[in-house]
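Visitor: Sharing entry.txt (compact mmCIF, C-alpha atoms) below.
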```txt
# COMPACT_ATOMS: atom_id res chain seq x y z
CA MET A 1 14.13 1.47 -9.98
CA GLY A 2 12.94 -1.69 -11.71
CA SER A 3 14.45 -3.85 -8.99
CA VAL A 4 12.84 -1.73 -6.26
CA GLU A 5 9.45 -1.98 -7.94
CA THR A 6 9.84 -5.74 -8.25
CA TYR A 7 10.69 -5.92 -4.55
CA PHE A 8 7.56 -4.04 -3.51
CA LEU A 9 5.34 -6.05 -5.86
CA PHE A 10 6.74 -9.25 -4.38
CA LYS A 11 6.49 -7.96 -0.82
CA TYR A 12 2.82 -7.03 -1.20
CA ARG A 13 1.90 -9.95 -3.46
CA THR A 14 -0.63 -11.29 -0.95
CA GLU A 15 -2.37 -7.93 -0.61
CA ILE A 16 -2.39 -7.46 -4.39
CA SER A 17 -3.87 -10.92 -4.88
CA THR A 18 -6.56 -10.11 -2.30
CA LEU A 19 -7.25 -6.82 -4.05
CA ILE A 20 -7.71 -8.51 -7.43
CA THR A 21 -10.08 -11.03 -5.83
CA GLN A 22 -12.13 -8.20 -4.34
CA LEU A 23 -12.33 -6.41 -7.67
CA SER A 24 -13.78 -9.55 -9.24
CA GLN A 25 -16.74 -9.63 -6.87
CA GLU A 26 -20.24 -9.30 -8.26
CA ARG A 27 -20.98 -6.04 -6.44
CA PHE A 28 -18.33 -4.21 -8.48
CA GLN A 29 -19.58 -5.44 -11.86
CA PRO A 30 -21.87 -3.38 -14.17
CA LYS A 31 -25.55 -4.13 -13.56
CA ASN A 32 -27.18 -2.75 -16.70
CA SER A 33 -26.48 -1.53 -20.24
CA LYS A 34 -25.91 2.05 -19.06
CA GLN A 35 -23.17 0.99 -16.66
CA ILE A 36 -21.59 -1.17 -19.36
CA GLU A 37 -21.53 1.90 -21.61
CA ILE A 38 -19.97 3.96 -18.80
CA ALA A 39 -17.25 1.34 -18.33
CA GLU A 40 -16.49 1.08 -22.05
CA GLU A 41 -16.15 4.86 -22.37
CA ALA A 42 -13.77 4.97 -19.41
CA ILE A 43 -11.61 2.16 -20.79
CA LYS A 44 -11.00 3.85 -24.16
CA PRO A 45 -8.41 6.45 -22.96
CA TYR A 46 -6.61 3.79 -20.93
CA THR A 47 -6.43 1.50 -23.96
CA ILE A 48 -5.04 4.30 -26.15
CA ILE A 49 -2.38 5.19 -23.56
CA ARG A 50 -1.45 1.52 -23.09
CA ILE A 51 -1.01 0.94 -26.84
CA LEU A 52 0.93 4.20 -27.19
CA LEU A 53 3.30 3.29 -24.35
CA GLN A 54 3.84 -0.23 -25.66
CA THR A 55 4.54 1.09 -29.17
CA ILE A 56 7.02 3.72 -27.99
CA ILE A 57 8.83 1.25 -25.74
CA PHE A 58 8.91 -1.41 -28.47
CA PHE A 59 10.53 0.78 -31.12
CA SER A 60 12.81 2.48 -28.58
CA GLY A 61 13.99 -0.94 -27.44
CA ILE A 62 14.68 -2.07 -31.00
CA PHE A 63 16.74 1.06 -31.69
CA LEU A 64 18.59 0.82 -28.36
CA TYR A 65 19.54 -2.84 -28.68
CA ILE A 66 20.25 -2.98 -32.40
CA SER A 67 22.04 0.33 -33.02
CA PRO A 68 25.32 -0.78 -31.31
CA LEU A 69 25.52 -3.67 -33.77
CA ALA A 70 25.79 -1.20 -36.67
CA THR A 71 29.33 -0.26 -35.56
CA LEU A 72 30.36 -3.82 -34.72
CA LYS A 73 32.99 -3.96 -37.47
CA THR A 74 34.82 -0.86 -36.25
CA GLU A 75 33.99 -0.76 -32.54
CA LYS A 76 32.34 -3.12 -30.09
CA SER A 77 29.85 -1.10 -28.09
CA PHE A 78 26.93 -1.92 -25.80
CA PRO A 79 23.40 -0.59 -25.34
CA TYR A 80 24.39 0.68 -21.86
CA ASN A 81 27.68 2.09 -20.63
CA CYS A 82 28.76 -0.38 -17.97
CA TRP A 83 32.00 -1.35 -16.29
CA TYR A 84 33.02 -4.99 -16.18
CA PRO A 85 35.87 -6.45 -14.10
CA PHE A 86 37.08 -8.34 -17.18
CA ASN A 87 37.80 -7.67 -20.82
CA VAL A 88 34.52 -7.83 -22.75
CA SER A 89 35.93 -6.78 -26.10
CA LYS A 90 36.74 -10.36 -27.01
CA SER A 91 34.44 -13.27 -27.85
CA PRO A 92 32.55 -14.90 -26.26
CA LEU A 93 32.58 -12.45 -23.33
CA TYR A 94 31.34 -9.64 -25.57
CA GLU A 95 28.33 -11.67 -26.74
CA LEU A 96 27.53 -12.82 -23.21
CA ALA A 97 27.74 -9.29 -21.81
CA TYR A 98 25.58 -7.98 -24.66
CA ILE A 99 22.92 -10.62 -24.01
CA GLN A 100 23.04 -9.86 -20.30
CA GLN A 101 22.38 -6.16 -20.96
CA VAL A 102 19.53 -6.92 -23.34
CA LEU A 103 17.84 -9.34 -20.94
CA GLY A 104 18.37 -7.01 -17.99
CA GLY A 105 16.99 -4.05 -19.91
CA LEU A 106 13.95 -6.02 -21.05
CA TYR A 107 13.31 -7.19 -17.49
CA ILE A 108 13.42 -3.66 -16.08
CA THR A 109 11.32 -2.27 -18.95
CA ILE A 110 8.62 -4.92 -18.64
CA THR A 111 8.53 -4.51 -14.85
CA LYS A 112 8.25 -0.73 -15.11
CA LEU A 113 5.57 -0.85 -17.80
CA SER A 114 3.58 -3.51 -15.95
CA THR A 115 3.69 -1.50 -12.73
CA ILE A 116 2.51 1.67 -14.47
CA LEU A 117 -0.31 -0.12 -16.28
CA PHE A 118 -1.35 -1.97 -13.12
CA LEU A 119 -1.55 1.21 -11.04
CA GLY A 120 -3.28 3.02 -13.87
CA GLY A 121 -5.77 0.17 -14.23
CA ILE A 122 -6.59 0.25 -10.52
CA GLN A 123 -7.22 3.99 -10.72
CA LEU A 124 -9.39 3.46 -13.79
CA TYR A 125 -11.41 0.78 -11.99
CA LEU A 126 -11.87 3.07 -9.00
CA GLY A 127 -13.06 5.89 -11.25
CA VAL A 128 -15.53 3.57 -12.99
CA GLN A 129 -16.99 2.51 -9.63
CA CYS A 130 -17.48 6.19 -8.76
CA ASP A 131 -19.26 6.63 -12.10
CA PHE A 132 -21.49 3.66 -11.28
CA LEU A 133 -22.33 5.23 -7.93
CA CYS A 134 -23.12 8.60 -9.54
CA HIS A 135 -25.41 6.85 -12.02
CA LYS A 136 -27.24 5.11 -9.17
CA ILE A 137 -27.63 8.34 -7.20
CA GLU A 138 -28.92 10.23 -10.25
CA SER A 139 -31.47 7.45 -10.87
CA LEU A 140 -32.92 7.59 -7.36
CA GLY A 141 -36.70 7.88 -7.20
CA GLY A 142 -39.92 5.97 -6.69
CA PRO A 143 -41.43 4.60 -3.51
CA TYR A 144 -38.16 3.00 -2.38
CA PHE A 145 -36.18 6.24 -2.50
CA GLY A 146 -34.91 5.98 1.09
CA ARG A 147 -33.97 2.30 0.79
CA ASN A 148 -32.13 2.87 -2.49
CA LEU A 149 -30.28 5.84 -1.00
CA LYS A 150 -29.03 3.63 1.83
CA LYS A 151 -27.87 1.09 -0.76
CA CYS A 152 -25.87 3.87 -2.46
CA ILE A 153 -24.26 4.79 0.86
CA LEU A 154 -23.39 1.14 1.48
CA TYR A 155 -22.00 0.90 -2.05
CA HIS A 156 -19.83 3.93 -1.38
CA GLU A 157 -18.57 2.27 1.81
CA SER A 158 -17.82 -0.89 -0.23
CA ILE A 159 -15.75 1.21 -2.64
CA LEU A 160 -13.78 2.68 0.25
CA ASN A 161 -13.20 -0.75 1.78
CA GLY A 162 -12.42 -2.52 -1.49
CA PHE A 163 -10.09 0.09 -2.89
CA GLN A 164 -8.41 1.28 0.28
CA LEU A 165 -5.42 -0.96 -0.34
CA ALA A 166 -5.22 0.15 -3.99
CA ILE A 167 -5.22 3.80 -3.01
CA MET A 168 -2.58 3.23 -0.35
CA LEU A 169 -0.35 1.27 -2.74
CA PHE A 170 -0.63 3.99 -5.36
CA LEU A 171 0.14 6.80 -2.92
CA PHE A 172 2.98 4.88 -1.32
CA TYR A 173 4.51 4.08 -4.71
CA TYR A 174 4.86 7.70 -5.83
CA SER A 175 5.49 9.10 -2.34
CA TRP A 176 8.42 6.75 -1.74
CA PHE A 177 10.16 7.57 -5.03
CA ALA A 178 9.47 11.30 -4.62
CA THR A 179 11.07 11.17 -1.17
CA GLU A 180 14.10 9.37 -2.60
CA VAL A 181 14.54 12.10 -5.24
CA THR A 182 14.32 14.79 -2.54
CA LYS A 183 16.91 13.06 -0.34
CA LYS A 184 19.34 12.55 -3.20
CA SER A 185 18.99 16.14 -4.40
CA GLU A 186 19.91 17.33 -0.90
CA ASN A 187 23.33 15.69 -1.34
CA ILE A 188 24.26 17.85 -4.34
CA ALA A 189 25.41 20.84 -2.27
CA PHE A 190 27.51 18.63 0.01
CA ALA A 191 29.06 16.89 -2.99
CA ALA A 192 29.98 20.26 -4.50
CA TYR A 193 31.57 21.42 -1.23
CA SER A 194 33.46 18.10 -0.91
CA CYS A 195 35.20 18.43 -4.26
CA ASP A 196 38.80 19.62 -4.51
CA TRP A 197 38.02 23.33 -4.89
CA MET A 198 40.79 24.72 -2.66
CA GLY A 199 43.63 26.22 -4.64
CA LYS A 200 41.60 26.41 -7.82
CA SER A 201 40.94 29.57 -9.79
CA LYS A 202 38.49 32.21 -8.58
CA GLU A 203 36.20 31.45 -11.50
CA PHE A 204 36.07 27.79 -10.49
CA GLN A 205 35.35 28.72 -6.86
CA LYS A 206 32.59 31.10 -7.91
CA ASP A 207 31.00 28.33 -9.97
CA ILE A 208 31.18 25.99 -6.98
CA MET A 209 29.57 28.63 -4.75
CA TYR A 210 26.84 29.16 -7.32
CA LEU A 211 26.19 25.42 -7.55
CA ILE A 212 25.99 25.17 -3.75
CA GLN A 213 23.63 28.13 -3.66
CA ILE A 214 21.17 26.86 -6.28
CA SER A 215 21.18 23.35 -4.81
CA GLN A 216 20.15 24.52 -1.33
CA LYS A 217 16.53 24.02 -2.33
CA PRO A 218 15.95 20.26 -2.81
CA ILE A 219 13.86 18.86 -5.62
CA LYS A 220 10.28 18.35 -4.47
CA PHE A 221 7.18 17.24 -6.32
CA HIS A 222 3.90 19.08 -5.75
CA ILE A 223 0.32 18.51 -6.79
CA HIS A 224 -0.88 21.69 -8.49
CA GLY A 225 1.92 23.52 -6.70
CA LEU A 226 0.20 23.11 -3.31
CA ILE A 227 0.57 19.65 -1.79
CA GLY A 228 4.01 18.07 -1.62
CA VAL A 229 4.41 14.43 -2.64
CA SER A 230 6.49 12.68 0.01
CA SER A 231 6.41 9.93 2.63
CA GLU A 232 5.34 12.52 5.20
CA THR A 233 2.34 13.43 3.05
CA PHE A 234 1.54 9.75 2.65
CA LEU A 235 1.42 9.29 6.43
CA LYS A 236 -0.85 12.32 6.78
CA VAL A 237 -3.20 10.89 4.16
CA LEU A 238 -3.25 7.58 6.04
CA LYS A 239 -4.21 9.30 9.29
CA SER A 240 -6.88 11.45 7.62
CA SER A 241 -8.33 8.52 5.70
CA PHE A 242 -8.62 6.44 8.87
CA SER A 243 -10.32 9.32 10.68
CA TYR A 244 -12.82 9.92 7.84
CA TYR A 245 -13.53 6.21 7.58
CA THR A 246 -14.17 5.95 11.34
CA VAL A 247 -16.57 8.90 11.27
CA LEU A 248 -18.43 7.50 8.25
CA LYS A 249 -18.72 4.07 9.87
CA ASN A 250 -20.09 5.57 13.10
CA VAL A 251 -22.64 7.58 11.13
CA MET A 252 -23.76 4.46 9.27
CA GLN A 253 -24.14 2.54 12.54
CA ASP A 254 -26.23 5.31 14.07
```
For this file, write the structure as structure tokens.
Guide:
Amino acid sequence: MGSVETYFLFKYRTEISTLITQLSQERFQPKNSKQIEIAEEAIKPYTIIRILLQTIIFFSGIFLYISPLATLKTEKSFPYNCWYPFNVSKSPLYELAYIQQVLGGLYITITKLSTILFLGGIQLYLGVQCDFLCHKIESLGGPYFGRNLKKCILYHESILNGFQLAIMLFLFYYSWFATEVTKKSENIAFAAYSCDWMGKSKEFQKDIMYLIQISQKPIKFHIHGLIGVSSETFLKVLKSSFSYYTVLKNVMQD
């Protein structure tokens, strides 16, 4: 998974760089003390979650990478169960393989954590911009009511334009992995049928039949038990978003 995430981050590095540049524009920055307060309140839960994740991963990593060394005198073990085409029980191959696992594990962990925090930060930023817009709408009044309302509509359009890539990246990220889980879970029944079950006991064959039966329904992720998370759903969201955006743009032009 870590390698796949790295691939997609590298593939869309130009779009991500453009997105970060857009987020740094003046129009998305807080304009008064109230908006600064709104932003600070929204950042607090994100900061707590970030520190909690980093703490859990840090201590889990220490335990994972140090615990095998406790049995070094009696048995040479590794943090991960891996197969090597050579004997790693002797020095210096054991030390080199151990270092390779530690570095590989750290790389995957840092990549995974960075991806989660990045996507979470983008969602946080999007939510803050919606809070800014709500604050502006609630403060409408005075002789320039109509002009200020149009500014709010334009600001909403700027949010849609500026964060469209972020939303698509986020949806694609989870939709792609959810689809992969669904596809792999569909192979369970075939794998059970492909095993050497002929000639085995009736109890064994009944267990195989039961496994095939319960694995007929693939693993699928749903939002509140209604909307399925998959690549198909992602494409539907893309089509709907483009349609809504086109309608909104036509209304603004009229």
Visitor: CA of Ile56 (chain A) and CA of Thr109 (chain A), how far apart in Å?
Guide: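 Computing it gives 11.7 Å between the two atoms.
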Visitor: Of the candidates A:Ile188, A:Leu117, A:Ala70, A:Ile48, which shows the shortest atom-to-atom distance to Gln213 (chain A), using all atoms listed in the file?
Guide: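 The shortest atom-to-atom distance to Gln213 (chain A) comes from A:Ile188.
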Visitor: Calculate how many Å separate CA of Ala42 (chain A) from CA of Val128 (chain A), rounding to one decimal.
Guide: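 Going from CA of Ala42 (chain A) over to CA of Val128 (chain A) covers 6.8 Å.
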Visitor: So that I can check the surroundings of His135 (chain A), please list as a ChimeraX atom specification every protein, DNA and RNA residue that reaches within 12 Å of it, counting all atoms listed in the file and ignoring chain neighbours fewer than 3 positions away.
Guide: /A:30-39,128-132,138-140,152
Visitor: Suppose we keep C-alpha atoms; can you now write the selection as a JSON list (two decimals), in the coordinates of the input?
Guide:
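Written out: selection-v4.json:
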```
[["chain", "number", "residue", "atom", "x", "y", "z"],
["A", 30, "PRO", "CA", -21.87, -3.38, -14.17],
["A", 31, "LYS", "CA", -25.55, -4.13, -13.56],
["A", 32, "ASN", "CA", -27.18, -2.75, -16.70],
["A", 33, "SER", "CA", -26.48, -1.53, -20.24],
["A", 34, "LYS", "CA", -25.91, 2.05, -19.06],
["A", 35, "GLN", "CA", -23.17, 0.99, -16.66],
["A", 36, "ILE", "CA", -21.59, -1.17, -19.36],
["A", 37, "GLU", "CA", -21.53, 1.90, -21.61],
["A", 38, "ILE", "CA", -19.97, 3.96, -18.80],
["A", 39, "ALA", "CA", -17.25, 1.34, -18.33],
["A", 128, "VAL", "CA", -15.53, 3.57, -12.99],
["A", 129, "GLN", "CA", -16.99, 2.51, -9.63],
["A", 130, "CYS", "CA", -17.48, 6.19, -8.76],
["A", 131, "ASP", "CA", -19.26, 6.63, -12.10],
["A", 132, "PHE", "CA", -21.49, 3.66, -11.28],
["A", 138, "GLU", "CA", -28.92, 10.23, -10.25],
["A", 139, "SER", "CA", -31.47, 7.45, -10.87],
["A", 140, "LEU", "CA", -32.92, 7.59, -7.36],
["A", 152, "CYS", "CA", -25.87, 3.87, -2.46]]
```
Visitor: Pick the closest to Ile57 (chain A) from A:Lys76, A:Lys112, A:Lys239, A:Arg147: which is it, counting only C-alpha atoms?
Guide: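 Checking each candidate against Ile57 (chain A), we get A:Lys112 as the closest.
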Visitor: Taking all atoms listed in the file into account, name the residue in A:Ala178, A:Ile116, A:Ile20, A:Ile219 that is nearest to Leu53 (chain A).
Guide: A:Ile116
